[in-house]
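Notes to accompany the following structure.
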Amino acid sequence: MRKTRIFFRYQILFLLLFSWMMLLNRAAESRLKEKQEYIKAAEQQSRSERETVKEPAQNTEYQESFESEIQSTGEFSGTGEEKVPSAGKNKGAGKVETREAKAGNGGSVIEESDTEDGMKEAGNIRVLLMTTDYQSYFHPRVTALRDGKEIVCSFESMAASEEPVVIPAHENGIQLTSIQRQCGNPVYQGSLEIQRTDQGFTVINELPLETYLEAVVPSEMPSGYHKEALKAQAVCARTYAWKQVQEGRLSKYGADVDDSVNYQVYQNIAPQQATSEAVRDTEGKILCQNGKPVQAYYFSTSSGVTSTDEIWGAEEPAPYLKSVDCGFDSEEPWSRWETEILWETLERRAQEIQGASGKLLGVSVSRINQSGAVTGLQVNTENGDFLVETEYDIRQFLSPKGSMITEKDGTQVQGSELLPSAYFDISAKPGNSVVLTGGGYGHGVGMSQTGADRMAEQGYTCQEILEYFFKDIEILQTGG
């Protein structure tokens, strides 16, 4: 009987111990679930903050004054300063005719401007500013700081305004707090012009060309590069900008260029002393052939050779572009690389292009240009075959996003929306993956930036660098 009682006591203790352990386990699971939900919520909030810039608190008194002013005038005058006339509708209306730059007056290139057609004054450039992460030309809301005062442009505040709002230049610049760049909330010299459209707000920064370049060069080339390379970059950037002003590709927005890689990256990194000096040392100098500005293309790193604009489908290369051997950047990490893309990833992209499901059967190079860049990619599927052409489309189709890229020095980096270059060999493993082994970073046309830096390191001058990468060019001085 006593043994029986002892047995039941042990059973009760065991049950109590087991129940206690179960409660602890459930509590631990609950805490783990709460932690996971917290992490998930934090990640979502972080993504949201990256995608949408947090709006600053409004200065109500100043905002009411600002809204009243723009409703009545369409302009912003700041702190009692003289108002700057708004741009009006003629600056973006209709087609802006191309202006020719002609050599004369001792080698100077003189810009011809037709003010009756609303062309801006010589020496200024109008930059269309994109949203954070360069996703769109149209901003849902614009907030800025000028001289310590906040300006907010929303659909509510500009409901009665048809003319653009012009925020005049200030010596300390205008900070656009509604967008983010690598340098944070960018600060712009010159004026800002904000126009309401049905899609959102467009923001144009108008400023002197040379000031614009001081924010372009460090965004396009590391400021730690050698001085002569920075000067060569400044000349290329100035020439490219000058050419875009002539062509008027963004005239429907009333702008000359945007601030992304579509043209030249602008104000992603704030002006630096070394790059600003390079701009000043080359002030007004552009690359010309027969007295006319050229398209001064440049890119990051070569695969050992540069290309011409044939890579983009030109029947004949521009007379100033040439394919040259470039061993100067042969030791750079991006001079050689390798990546592997899953077969199912390419199969999905092929299906998107064809608009139908079907297995991917093969991928192969069908055409290369004189310099060795791939200009034709054959894709075979159950639904039929198709050809991917042009450098950009090929690099986009073979995007290594989601894959790792191994550089020459063994460094591994995450792949992006574009393949590093169109210089590659392809090894297909049907049903498994595609291995791409290539070299270079960028389109490969014009001047290699890392090549230019290595040349400068070896004592080449700015002019010698440019003459190496461009054919039969001269450096002329702009202005009257």
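Within each chain, counting starts at residue 1; across the structure tokens, chains are named A, B, ... in the order shown, with ligands numbered 1 upward in that order.
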Practice prompt. Mind checking which residues fall within 9 Å of A:Lys227, counting only C-alpha atoms, ignoring those fewer than 2 positions away in the same chain, and posting them as a PyMOL selection string?
Written response: chain A and resi 223-225+229-232+274-275+277-278+453+456-457+462
Keeping only all heavy atoms, write the selected residues as a tab-separated table (two decimals), in the first residue's frame.
chain	number	residue	atom	x	y	z
A	223	SER	N	36.78	61.02	-56.24
A	223	SER	CA	37.60	62.23	-56.09
A	223	SER	C	39.05	61.90	-55.74
A	223	SER	O	39.92	62.76	-55.84
A	223	SER	CB	37.00	63.14	-55.02
A	223	SER	OG	36.93	62.47	-53.77
A	224	GLY	N	39.32	60.66	-55.34
A	224	GLY	CA	40.69	60.25	-55.02
A	224	GLY	C	41.52	59.90	-56.23
A	224	GLY	O	42.72	59.60	-56.10
A	225	TYR	N	40.93	59.94	-57.43
A	225	TYR	CA	41.70	59.66	-58.64
A	225	TYR	C	42.71	60.78	-58.88
A	225	TYR	O	42.58	61.89	-58.36
A	225	TYR	CB	40.75	59.53	-59.85
A	225	TYR	CG	40.15	58.15	-60.01
A	225	TYR	CD1	40.10	57.24	-58.96
A	225	TYR	CD2	39.60	57.75	-61.23
A	225	TYR	CE1	39.54	55.98	-59.11
A	225	TYR	CE2	39.04	56.50	-61.40
A	225	TYR	CZ	39.01	55.61	-60.33
A	225	TYR	OH	38.46	54.37	-60.49
A	229	ALA	N	43.43	62.69	-64.51
A	229	ALA	CA	42.25	61.87	-64.83
A	229	ALA	C	40.98	62.64	-64.48
A	229	ALA	O	40.00	62.61	-65.24
A	229	ALA	CB	42.30	60.56	-64.06
A	230	LEU	N	40.98	63.33	-63.35
A	230	LEU	CA	39.82	64.14	-62.96
A	230	LEU	C	39.58	65.26	-63.97
A	230	LEU	O	38.43	65.57	-64.30
A	230	LEU	CB	40.03	64.72	-61.57
A	230	LEU	CG	40.04	63.71	-60.41
A	230	LEU	CD1	40.41	64.41	-59.10
A	230	LEU	CD2	38.70	63.00	-60.27
A	231	LYS	N	40.65	65.85	-64.48
A	231	LYS	CA	40.50	66.90	-65.49
A	231	LYS	C	39.93	66.33	-66.78
A	231	LYS	O	39.07	66.95	-67.42
A	231	LYS	CB	41.86	67.57	-65.74
A	231	LYS	CG	42.33	68.45	-64.59
A	231	LYS	CD	43.79	68.83	-64.71
A	231	LYS	CE	44.07	69.69	-65.94
A	231	LYS	NZ	45.50	70.11	-65.97
A	232	ALA	N	40.39	65.14	-67.17
A	232	ALA	CA	39.85	64.49	-68.38
A	232	ALA	C	38.37	64.20	-68.19
A	232	ALA	O	37.56	64.37	-69.11
A	232	ALA	CB	40.63	63.21	-68.67
A	274	ALA	N	38.98	68.22	-54.76
A	274	ALA	CA	39.80	67.77	-55.90
A	274	ALA	C	39.02	67.84	-57.21
A	274	ALA	O	39.56	68.28	-58.24
A	274	ALA	CB	40.30	66.36	-55.65
A	275	THR	N	37.76	67.42	-57.18
A	275	THR	CA	36.97	67.43	-58.42
A	275	THR	C	36.58	68.85	-58.81
A	275	THR	O	36.52	69.18	-60.00
A	275	THR	CB	35.73	66.54	-58.26
A	275	THR	OG1	35.04	66.88	-57.05
A	275	THR	CG2	36.12	65.07	-58.21
A	277	GLU	N	38.37	71.49	-58.26
A	277	GLU	CA	39.57	72.06	-58.85
A	277	GLU	C	39.75	71.60	-60.29
A	277	GLU	O	40.17	72.38	-61.16
A	277	GLU	CB	40.80	71.68	-58.02
A	277	GLU	CG	40.89	72.40	-56.69
A	277	GLU	CD	42.11	71.98	-55.88
A	277	GLU	OE1	42.84	71.07	-56.35
A	277	GLU	OE2	42.33	72.54	-54.79
A	278	ALA	N	39.43	70.33	-60.57
A	278	ALA	CA	39.54	69.81	-61.93
A	278	ALA	C	38.58	70.54	-62.87
A	278	ALA	O	38.91	70.82	-64.02
A	278	ALA	CB	39.25	68.31	-61.94
A	453	ASP	N	42.78	56.88	-64.94
A	453	ASP	CA	43.46	57.09	-63.66
A	453	ASP	C	44.84	56.45	-63.66
A	453	ASP	O	45.81	57.03	-63.17
A	453	ASP	CB	42.61	56.53	-62.52
A	453	ASP	CG	43.19	56.87	-61.16
A	453	ASP	OD1	43.55	58.05	-60.95
A	453	ASP	OD2	43.29	55.98	-60.31
A	456	ALA	N	47.10	58.58	-65.76
A	456	ALA	CA	47.52	59.78	-65.02
A	456	ALA	C	48.59	59.42	-64.00
A	456	ALA	O	49.55	60.19	-63.78
A	456	ALA	CB	46.31	60.40	-64.32
A	457	GLU	N	48.46	58.27	-63.40
A	457	GLU	CA	49.45	57.81	-62.43
A	457	GLU	C	50.82	57.64	-63.09
A	457	GLU	O	51.87	57.87	-62.46
A	457	GLU	CB	48.98	56.49	-61.82
A	457	GLU	CG	49.87	55.96	-60.71
A	457	GLU	CD	49.34	54.66	-60.13
A	457	GLU	OE1	48.69	53.89	-60.89
A	457	GLU	OE2	49.56	54.41	-58.94
A	462	CYS	N	46.05	65.31	-69.13
A	462	CYS	CA	44.62	65.29	-69.49
A	462	CYS	C	44.44	65.18	-71.00
A	462	CYS	O	43.68	64.35	-71.49
A	462	CYS	CB	43.96	66.55	-68.96
A	462	CYS	SG	42.32	66.90	-69.63
Worksheet entry | A:Val203 environment, 10 Å, only C-alpha atoms, sequence neighbours closer than 4 positions dropped, as a ChimeraX atom specification | /A:126-131,137-139,142,164-166,176,192-196,253,255
Worksheet item: When DSSP works through the backbone of this structure, what residues of stretch 261-384 of chain A end up as alpha helix (DSSP H), shown as a ChimeraX atom specification?
Response: /A:273-281,343-354
Return as a tab-separated table the residues of stretch 314-419 of chain A lying at most 6 Å from stretch 431-442 of chain A, together with the closest atom-to-atom pair for each and the distance in Å to one decimal, counting only C-alpha atoms, with rows in chain order and ascending residue number.
residue	atom	partner	partner_atom	distance
A:Trp334	CA	A:Gly440	CA	5.4
A:Ser335	CA	A:Gly440	CA	4.6
A:Arg336	CA	A:Gly439	CA	4.1
A:Trp337	CA	A:Gly438	CA	5.4
A:Glu338	CA	A:Thr437	CA	4.4
A:Thr339	CA	A:Leu436	CA	5.4
A:Glu340	CA	A:Val435	CA	4.4
A:Ile341	CA	A:Val434	CA	5.2
A:Leu342	CA	A:Ser433	CA	4.3
A:Trp343	CA	A:Ser433	CA	4.2
Could you write out the selected residues, including N, CA, C and O atoms, as a PDB file, in the first residue's frame?
ATOM      1  N   TRP A 334      37.370  44.825 -61.639  1.00  0.00           N
ATOM      2  CA  TRP A 334      36.309  44.603 -62.616  1.00  0.00           C
ATOM      3  C   TRP A 334      36.839  44.261 -64.010  1.00  0.00           C
ATOM      4  O   TRP A 334      36.047  44.068 -64.937  1.00  0.00           O
ATOM      5  N   SER A 335      38.157  44.145 -64.156  1.00  0.00           N
ATOM      6  CA  SER A 335      38.682  43.811 -65.487  1.00  0.00           C
ATOM      7  C   SER A 335      38.325  42.376 -65.883  1.00  0.00           C
ATOM      8  O   SER A 335      38.246  42.046 -67.061  1.00  0.00           O
ATOM      9  N   ARG A 336      38.121  41.527 -64.882  1.00  0.00           N
ATOM     10  CA  ARG A 336      37.631  40.163 -65.131  1.00  0.00           C
ATOM     11  C   ARG A 336      36.611  39.814 -64.058  1.00  0.00           C
ATOM     12  O   ARG A 336      36.742  40.213 -62.893  1.00  0.00           O
ATOM     13  N   TRP A 337      35.577  39.067 -64.424  1.00  0.00           N
ATOM     14  CA  TRP A 337      34.553  38.673 -63.468  1.00  0.00           C
ATOM     15  C   TRP A 337      33.838  37.402 -63.938  1.00  0.00           C
ATOM     16  O   TRP A 337      33.953  37.004 -65.103  1.00  0.00           O
ATOM     17  N   GLU A 338      33.111  36.785 -63.028  1.00  0.00           N
ATOM     18  CA  GLU A 338      32.337  35.584 -63.354  1.00  0.00           C
ATOM     19  C   GLU A 338      31.077  35.550 -62.501  1.00  0.00           C
ATOM     20  O   GLU A 338      31.086  35.954 -61.337  1.00  0.00           O
ATOM     21  N   THR A 339      30.004  35.086 -63.101  1.00  0.00           N
ATOM     22  CA  THR A 339      28.747  34.949 -62.362  1.00  0.00           C
ATOM     23  C   THR A 339      27.954  33.780 -62.919  1.00  0.00           C
ATOM     24  O   THR A 339      28.173  33.346 -64.067  1.00  0.00           O
ATOM     25  N   GLU A 340      27.047  33.252 -62.118  1.00  0.00           N
ATOM     26  CA  GLU A 340      26.216  32.117 -62.532  1.00  0.00           C
ATOM     27  C   GLU A 340      24.748  32.466 -62.287  1.00  0.00           C
ATOM     28  O   GLU A 340      24.372  32.897 -61.200  1.00  0.00           O
ATOM     29  N   ILE A 341      23.937  32.282 -63.328  1.00  0.00           N
ATOM     30  CA  ILE A 341      22.508  32.617 -63.251  1.00  0.00           C
ATOM     31  C   ILE A 341      21.695  31.331 -63.376  1.00  0.00           C
ATOM     32  O   ILE A 341      21.956  30.504 -64.260  1.00  0.00           O
ATOM     33  N   LEU A 342      20.721  31.166 -62.504  1.00  0.00           N
ATOM     34  CA  LEU A 342      19.893  29.965 -62.527  1.00  0.00           C
ATOM     35  C   LEU A 342      19.114  29.861 -63.834  1.00  0.00           C
ATOM     36  O   LEU A 342      18.633  30.861 -64.375  1.00  0.00           O
ATOM     37  N   TRP A 343      18.991  28.656 -64.325  1.00  0.00           N
ATOM     38  CA  TRP A 343      18.271  28.393 -65.576  1.00  0.00           C
ATOM     39  C   TRP A 343      16.818  28.860 -65.482  1.00  0.00           C
ATOM     40  O   TRP A 343      16.278  29.460 -66.421  1.00  0.00           O
TER      41      TRP A 343
END
Response to the item:
Here atom CA of A:Gly291 and atom CA of A:Val279 stand apart by 21.4 Å
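Going from atom CA of A:Asn369 to atom CA of A:His443 covers 12.9 Å.
Using only C-alpha atoms, the shortest contact distance between A:Val294 and any of A:Pro271, A:Pro319, A:Gly410, A:Pro140 is found at A:Pro319.
Each of A:Gln182, A:Ser219, A:Gln463, A:Ser448 was compared to A:Val261 using only C-alpha atoms, and A:Ser219 turns out to be the nearest.
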Worksheet item: Any idea what's packed within 12 Å of A:Glu310, counting only C-alpha atoms, ignoring anything in its chain fewer than 5 positions away? Could you give it as JSON, numbers by chain?
Response: {"A": [315, 316, 317, 318, 319, 321, 322, 323, 368, 369, 370, 371, 372, 373, 374, 375, 389, 390, 391, 443, 444, 445, 446]}
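In this structure, atom CA of A:Gln135 sits 11.9 Å away from atom CA of A:Asp258.
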Worksheet entry | Close residues, stretch 183-188 of chain A itself excluded, 12 Å, only C-alpha atoms, min 3 positions apart in chain, as a VMD selection string | chain A and resid 50 53 to 56 127 129 to 133 143 to 147 167 to 180 191 to 193 203 to 208 211 to 212 214 to 216 218 to 219 259 266 to 272
Fill in: Among listed residues A:Asp425, A:Asn124, A:Gly254, A:Ala234, nearest A:Ser276 (using only C-alpha atoms)
A:Ala234
Item to complete: Please identify which residues in stretch 132-371 of chain A DSSP calls strand (DSSP E) from the backbone, and express them as a PyMOL selection string.
Response: chain A and resi 142-146+149-153+165-167+174-176+187-188+191-196+201-208+257-258+285-289+292-293+298-299+337-342+360-368
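Of the residues listed (A:Ile125, A:Met404, A:Val388, A:Met447), A:Met447 shows the shortest atom-to-atom separation from A:Gln295; distances use only C-alpha atoms.
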